[in-house]
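What follows is one structure encoded as structure tokens, with my remarks underneath.
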Amino acid sequence: MQRHVWLNLGMDLVDAKLREPVTSSTGVTTAEDTPLPRIPPLRGRVGFDLRVGGLSVKPEVLMVKDQDEIFPTETRTAGYTLVNLGATYTLPRQHTTHIFTVEAFNLGDRLYRNHLSFIKELAPEIGRGVRFGYTLRFF
């Protein structure tokens with residue numbers, strides 16, 4: 001039985017600004033170097049993939065910075081940290097593979113808002129939850 005531990009790291013950042021002043025249909029003029037609307041904030045994730053035989057367990061922490069570089073019609077969005085846990089069991093057979101999954105997300109039941117959401121002012125993102133799945137692959 002093989003055992004493996006993988007470290008998963010990720011980070012993304014978007015920096016986008018207007019190059020020239022723009023006047024909207026409502027007559028509002030934005031200055032040069034104004035951040036574009038709906039730009040995602042800096043985000044990073046740290047996780048592990050622990051594998052033993054057909055079992056894979058993946059704990060992860062997702063960290064999102066507050067978004068304060070905003071377009072004039074947007075509002076600031078607070079940063080947040082989420083803890084997630086996923087597990088998969090793979091059962092291979094001669095011409096099929098059975099894959100059982102369970103994902104537990106937002107384990108700290110953190111109240112947060114996604115800067116990219118069109119309804120962030122009305123509704124926060126989903127709280128703590130669990131999702132189960134079963135996949136049958138034929139080959």
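Following the order of the structure tokens, chains are lettered A, B, ..., residues in each are numbered from 1, and ligands are numbered from 1.
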Check your understanding: Neighbours of Asn114 of chain A within 9 Å (only C-alpha atoms; same-chain residues fewer than 6 positions away dropped), as a PyMOL selection string?
Key -> chain A and resi 40+77-79+120+124-125
Practice item. Show which residues sit within 8 Å of Arg110 of chain A, as a list in words. Count only C-alpha atoms, and ignore same-chain residues fewer than 3 positions away. Key: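 Contacts, with the query itself left out: Tyr80, Thr81, Leu82, Asn106, Leu107, Gly127 and Arg128 of chain A.
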Please produce a file of the residues just selected, as a PDB file, in the first residue's frame, where the atoms kept are N, CA and C atoms.
ATOM      1  N   TYR A  80     -11.685  37.303   3.877  1.00  0.00           N
ATOM      2  CA  TYR A  80     -12.166  36.170   4.674  1.00  0.00           C
ATOM      3  C   TYR A  80     -11.210  34.993   4.532  1.00  0.00           C
ATOM      4  N   THR A  81     -11.357  34.048   5.453  1.00  0.00           N
ATOM      5  CA  THR A  81     -10.598  32.799   5.426  1.00  0.00           C
ATOM      6  C   THR A  81     -11.587  31.654   5.604  1.00  0.00           C
ATOM      7  N   LEU A  82     -11.462  30.648   4.758  1.00  0.00           N
ATOM      8  CA  LEU A  82     -12.340  29.477   4.823  1.00  0.00           C
ATOM      9  C   LEU A  82     -11.506  28.223   5.025  1.00  0.00           C
ATOM     10  N   ASN A 106     -16.563  25.472   4.165  1.00  0.00           N
ATOM     11  CA  ASN A 106     -16.785  26.559   5.124  1.00  0.00           C
ATOM     12  C   ASN A 106     -17.020  25.987   6.529  1.00  0.00           C
ATOM     13  N   LEU A 107     -16.092  25.161   6.975  1.00  0.00           N
ATOM     14  CA  LEU A 107     -16.248  24.456   8.246  1.00  0.00           C
ATOM     15  C   LEU A 107     -16.405  25.395   9.442  1.00  0.00           C
ATOM     16  N   GLY A 127     -23.152  29.146   3.894  1.00  0.00           N
ATOM     17  CA  GLY A 127     -22.458  28.819   5.143  1.00  0.00           C
ATOM     18  C   GLY A 127     -21.909  27.403   5.107  1.00  0.00           C
ATOM     19  N   ARG A 128     -21.724  26.834   6.280  1.00  0.00           N
ATOM     20  CA  ARG A 128     -21.180  25.483   6.414  1.00  0.00           C
ATOM     21  C   ARG A 128     -22.057  24.502   5.638  1.00  0.00           C
TER      22      ARG A 128
END
Exercise for review: Can you pull out every residue within 12 Å of Gly10 of chain A, counting only C-alpha atoms, but drop anything in the same chain fewer than 2 positions away, and send it as a PyMOL selection string?
Suggested key: chain A and resi 7-8+12-13+42-48+60-64
Practice item. Determine, counting only C-alpha atoms, which protein, DNA and RNA residues have an atom within 6 Å of an atom of segment 83-95 of chain A; residues of the same chain fewer than 3 positions away are not included. Present the result as a PyMOL selection string. Key: chain A and resi 54-61+98-107+138-139
Exercise for review: Take atom CA of Phe118 of chain A and atom CA of Asp33 of chain A and report the distance between them in Å, one decimal.
Suggested key: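 Rounded to one decimal, the two atoms are 23.4 Å apart.
Shortest separation to Ile39 of chain A among A:Arg19, A:Gln67, A:Tyr134, A:Gly53 occurs at residue A:Gln67, atoms counted being only C-alpha atoms.
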Within 9 Å of Pro35 of chain A, counting only C-alpha atoms, which residues qualify if same-chain residues fewer than 2 places away don't, as an mmCIF file with N, CA and C atoms, in the first residue's frame?
data_model
loop_
_atom_site.group_PDB
_atom_site.id
_atom_site.type_symbol
_atom_site.label_atom_id
_atom_site.label_comp_id
_atom_site.auth_asym_id
_atom_site.auth_seq_id
_atom_site.Cartn_x
_atom_site.Cartn_y
_atom_site.Cartn_z
ATOM 1 N N ASP A 15 -4.794 42.707 -11.513
ATOM 2 C CA ASP A 15 -4.626 44.150 -11.357
ATOM 3 C C ASP A 15 -4.998 44.776 -12.697
ATOM 4 N N ALA A 16 -6.187 45.372 -12.762
ATOM 5 C CA ALA A 16 -6.664 45.941 -14.018
ATOM 6 C C ALA A 16 -7.205 47.342 -13.769
ATOM 7 N N LYS A 17 -6.751 48.284 -14.582
ATOM 8 C CA LYS A 17 -7.170 49.679 -14.423
ATOM 9 C C LYS A 17 -7.514 50.254 -15.793
ATOM 10 N N LEU A 18 -8.348 51.305 -15.772
ATOM 11 C CA LEU A 18 -8.651 52.032 -17.005
ATOM 12 C C LEU A 18 -7.409 52.780 -17.461
ATOM 13 N N GLU A 32 -8.294 58.419 -15.069
ATOM 14 C CA GLU A 32 -7.305 57.455 -15.538
ATOM 15 C C GLU A 32 -6.775 56.679 -14.329
ATOM 16 N N ASP A 33 -6.426 55.425 -14.503
ATOM 17 C CA ASP A 33 -5.931 54.526 -13.459
ATOM 18 C C ASP A 33 -7.009 54.155 -12.438
ATOM 19 N N PRO A 37 -14.309 47.456 -12.906
ATOM 20 C CA PRO A 37 -15.313 46.842 -12.027
ATOM 21 C C PRO A 37 -15.150 45.324 -11.936
ATOM 22 N N ILE A 39 -13.281 43.183 -10.220
ATOM 23 C CA ILE A 39 -11.959 42.557 -10.261
ATOM 24 C C ILE A 39 -11.800 41.721 -8.990
ATOM 25 N N GLU A 69 -9.673 48.163 -3.823
ATOM 26 C CA GLU A 69 -9.401 48.855 -5.090
ATOM 27 C C GLU A 69 -10.631 48.633 -5.959
ATOM 28 N N ILE A 70 -11.562 49.579 -5.886
ATOM 29 C CA ILE A 70 -12.869 49.356 -6.490
ATOM 30 C C ILE A 70 -13.247 50.442 -7.487
ATOM 31 N N PHE A 71 -14.118 50.091 -8.402
ATOM 32 C CA PHE A 71 -14.697 51.017 -9.363
ATOM 33 C C PHE A 71 -15.624 51.965 -8.591
ATOM 34 N N PRO A 72 -15.822 53.203 -9.063
ATOM 35 C CA PRO A 72 -16.629 54.180 -8.308
ATOM 36 C C PRO A 72 -18.043 53.706 -7.944
#
Practice item. Report as a ChimeraX atom specification: the residues of segment 1-136 of chain A with a DSSP assignment of strand (DSSP E or B), based on the backbone of this structure. Key: /A:3-12,17,22-23,29-30,35,43-52,55-64,67,77,80-92,96-105,129-136
Check your understanding: Of the residues A:Arg137, A:Arg131, A:His4, A:His115, which is the one nearest to Arg51 of chain A, using only C-alpha atoms?
Key -> A:His4
Check your understanding: Mind pulling up the distance from atom CA of Gly133 of chain A to atom CA of Ser117 of chain A?
Key ->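 Distance reported for this atom pair: 26.0 Å.
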